[in-house]
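Visitor: Okay, so here is start12.cif, and as you'll see once you scroll down, it has mmCIF, C-alpha atoms.
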```cif
data_model
#
loop_
_atom_site.group_PDB
_atom_site.id
_atom_site.type_symbol
_atom_site.label_atom_id
_atom_site.label_comp_id
_atom_site.auth_asym_id
_atom_site.auth_seq_id
_atom_site.Cartn_x
_atom_site.Cartn_y
_atom_site.Cartn_z
ATOM 1 C CA MET A 1 61.714 124.277 126.186
ATOM 2 C CA ALA A 2 64.699 123.492 128.407
ATOM 3 C CA ASN A 3 67.889 122.062 127.006
ATOM 4 C CA THR A 4 67.978 118.461 128.183
ATOM 5 C CA THR A 5 71.310 117.464 126.671
ATOM 6 C CA ASN A 6 74.299 116.830 128.868
ATOM 7 C CA PRO A 7 77.038 119.466 128.812
ATOM 8 C CA PRO A 8 80.229 118.458 126.992
ATOM 9 C CA ARG A 9 82.840 116.828 129.186
ATOM 10 C CA SER A 10 86.222 118.457 129.521
ATOM 11 C CA VAL A 11 89.254 117.199 127.596
ATOM 12 C CA ALA A 12 90.951 116.245 130.871
ATOM 13 C CA THR A 13 87.968 114.104 131.865
ATOM 14 C CA LEU A 14 87.736 112.431 128.462
ATOM 15 C CA ALA A 15 91.497 111.829 128.333
ATOM 16 C CA THR A 16 91.401 109.735 131.504
ATOM 17 C CA ASP A 17 88.061 107.927 131.069
ATOM 18 C CA THR A 18 88.725 104.234 130.364
ATOM 19 C CA ALA A 19 85.246 103.867 128.876
ATOM 20 C CA VAL A 20 86.181 106.428 126.213
ATOM 21 C CA LEU A 21 89.921 105.957 125.604
ATOM 22 C CA PRO A 22 92.238 103.059 126.401
ATOM 23 C CA LEU A 23 94.813 103.961 129.036
ATOM 24 C CA ASP A 24 97.547 101.660 127.746
ATOM 25 C CA ALA A 25 98.122 103.348 124.374
ATOM 26 C CA THR A 26 99.047 106.687 122.836
ATOM 27 C CA VAL A 27 95.938 108.668 121.882
ATOM 28 C CA LEU A 28 95.532 111.875 119.859
ATOM 29 C CA ILE A 29 93.329 114.097 122.048
ATOM 30 C CA GLY A 30 93.719 117.510 120.437
ATOM 31 C CA LEU A 31 94.987 119.553 117.498
ATOM 32 C CA ARG A 32 96.123 123.167 117.248
ATOM 33 C CA LEU A 33 96.602 124.269 113.658
ATOM 34 C CA ALA A 34 98.624 127.370 112.779
ATOM 35 C CA PRO A 35 100.248 128.761 109.622
ATOM 36 C CA GLY A 36 103.744 128.385 111.107
ATOM 37 C CA GLY A 37 103.166 124.764 112.066
ATOM 38 C CA GLY A 38 100.590 122.889 114.052
ATOM 39 C CA ARG A 39 100.756 121.134 117.387
ATOM 40 C CA ALA A 40 99.154 117.911 118.563
ATOM 41 C CA LEU A 41 98.080 117.036 122.073
ATOM 42 C CA LEU A 42 98.775 113.400 122.923
ATOM 43 C CA ARG A 43 97.971 111.285 125.960
ATOM 44 C CA LEU A 44 100.812 108.769 126.160
ATOM 45 C CA ALA A 45 100.529 105.187 127.376
ATOM 46 C CA ASP A 46 102.259 106.161 130.629
ATOM 47 C CA GLY A 47 99.517 108.745 131.338
ATOM 48 C CA ARG A 48 101.462 111.901 130.479
ATOM 49 C CA VAL A 49 99.773 114.519 128.280
ATOM 50 C CA VAL A 50 102.215 116.223 125.904
ATOM 51 C CA LEU A 51 102.072 118.929 123.244
ATOM 52 C CA VAL A 52 104.176 117.912 120.235
ATOM 53 C CA ALA A 53 105.187 119.335 116.846
ATOM 54 C CA ASN A 54 106.521 117.960 113.572
ATOM 55 C CA GLY A 55 109.793 116.109 114.111
ATOM 56 C CA THR A 56 108.948 114.953 117.630
ATOM 57 C CA ARG A 57 109.859 111.342 118.358
ATOM 58 C CA ILE A 58 106.833 109.323 119.497
ATOM 59 C CA GLY A 59 107.802 105.835 120.585
ATOM 60 C CA ARG A 60 109.609 104.276 117.619
ATOM 61 C CA GLY A 61 108.201 106.807 115.143
ATOM 62 C CA VAL A 62 108.477 110.495 114.318
ATOM 63 C CA LEU A 63 105.576 112.922 113.967
ATOM 64 C CA SER A 64 105.815 113.908 110.304
ATOM 65 C CA ALA A 65 102.603 115.903 109.674
ATOM 66 C CA ILE A 66 99.711 117.607 111.450
ATOM 67 C CA ASP A 67 96.523 118.705 109.686
ATOM 68 C CA GLU A 68 92.788 119.054 110.305
ATOM 69 C CA SER A 69 92.333 115.293 109.852
ATOM 70 C CA GLY A 70 94.859 114.267 112.492
ATOM 71 C CA VAL A 71 98.553 113.419 112.539
ATOM 72 C CA ILE A 72 100.908 111.272 110.508
ATOM 73 C CA VAL A 73 103.564 109.271 112.333
ATOM 74 C CA THR A 74 106.371 107.711 110.299
ATOM 75 C CA THR A 75 107.982 104.527 111.615
ATOM 76 C CA SER A 76 110.683 102.655 109.674
ATOM 77 C CA GLY A 77 109.688 104.477 106.477
ATOM 78 C CA THR A 78 105.971 103.715 106.830
ATOM 79 C CA ALA A 79 103.613 106.671 107.363
ATOM 80 C CA THR A 80 100.441 106.037 109.377
ATOM 81 C CA ARG A 81 97.591 108.524 109.876
ATOM 82 C CA HIS A 82 95.937 108.781 113.297
ATOM 83 C CA LYS A 83 92.640 110.608 113.857
ATOM 84 C CA LEU A 84 91.372 112.381 116.981
ATOM 85 C CA GLY A 85 90.501 109.854 119.677
ATOM 86 C CA GLU A 86 92.351 107.051 117.935
ATOM 87 C CA ALA A 87 94.711 104.908 119.988
ATOM 88 C CA TRP A 88 97.906 103.347 118.678
#
```
Can you give me the file's structure in the form of structure tokens?

Guide:
Amino acid sequence: MANTTNPPRSVATLATDTAVLPLDATVLIGLRLAPGGGRALLRLADGRVVLVANGTRIGRGVLSAIDESGVIVTTSGTATRHKLGEAW
């Protein structure tokens, strides 16, 4: 029997598809976990895609943690978790 499912779309395609992700917000589009510290791939509201680490300033907040569930951004003392594909 032939495989009739569609092939997965590339990250670049998904990161710019308005039907999938809003283009006017920051969105977590990827994670790279490593023992020495992880990295997060973000698509910013201005369209840039950036690789960031703990301590990176993101808008008014600071990236304070990266794990398999997503990232935590701390703004004015309040920590907020963001999952893959989530816009903020």

Visitor: Can you spell out as a PyMOL selection string the set of residues that the PyMOL selection byres ((chain A and resi 66-82) around 8) selects in the structure I just provided?

Guide: chain A and resi 28+31+33+37-40+53-54+58+60-65+83-84+86-88

Visitor: Might you pull out every residue within 9 Å of Gly47 of chain A, with only C-alpha atoms counted and same-chain residues fewer than 4 positions away left off, and present them as a PDB file with C-alpha atoms, keeping the file's coordinate frame?

Guide:
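After the write, around_38.pdb holds the following:
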```pdb
ATOM      1  CA  THR A  16      91.401 109.735 131.504  1.00  0.00           C
ATOM      2  CA  LEU A  23      94.813 103.961 129.036  1.00  0.00           C
ATOM      3  CA  ASP A  24      97.547 101.660 127.746  1.00  0.00           C
ATOM      4  CA  ALA A  25      98.122 103.348 124.374  1.00  0.00           C
ATOM      5  CA  THR A  26      99.047 106.687 122.836  1.00  0.00           C
ATOM      6  CA  ARG A  43      97.971 111.285 125.960  1.00  0.00           C
TER       7      ARG A  43
END
```

Visitor: May I ask for the distance between atom CA of Gly85 of chain A and atom CA of Gly36 of chain A, given in Å to one decimal place?

Guide: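 A separation of 24.3 Å between them.
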
Visitor: What does the distance between atom CA of Pro22 of chain A and atom CA of Asp46 of chain A come to in Å, to one decimal place?

Guide: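 Separation of atom CA of Pro22 of chain A and atom CA of Asp46 of chain A: 11.3 Å.
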
Visitor: Given 5 Å on each side, where is the centre and what are the edge lengths in Å to one decimal of the axis-aligned box enclosing the listed atoms of segment 48-65 of chain A, as JSON?

Guide:
```
{"center_x": 104.8, "center_y": 111.8, "center_z": 120.1, "size_x": 20.1, "size_y": 25.1, "size_z": 30.8}
```
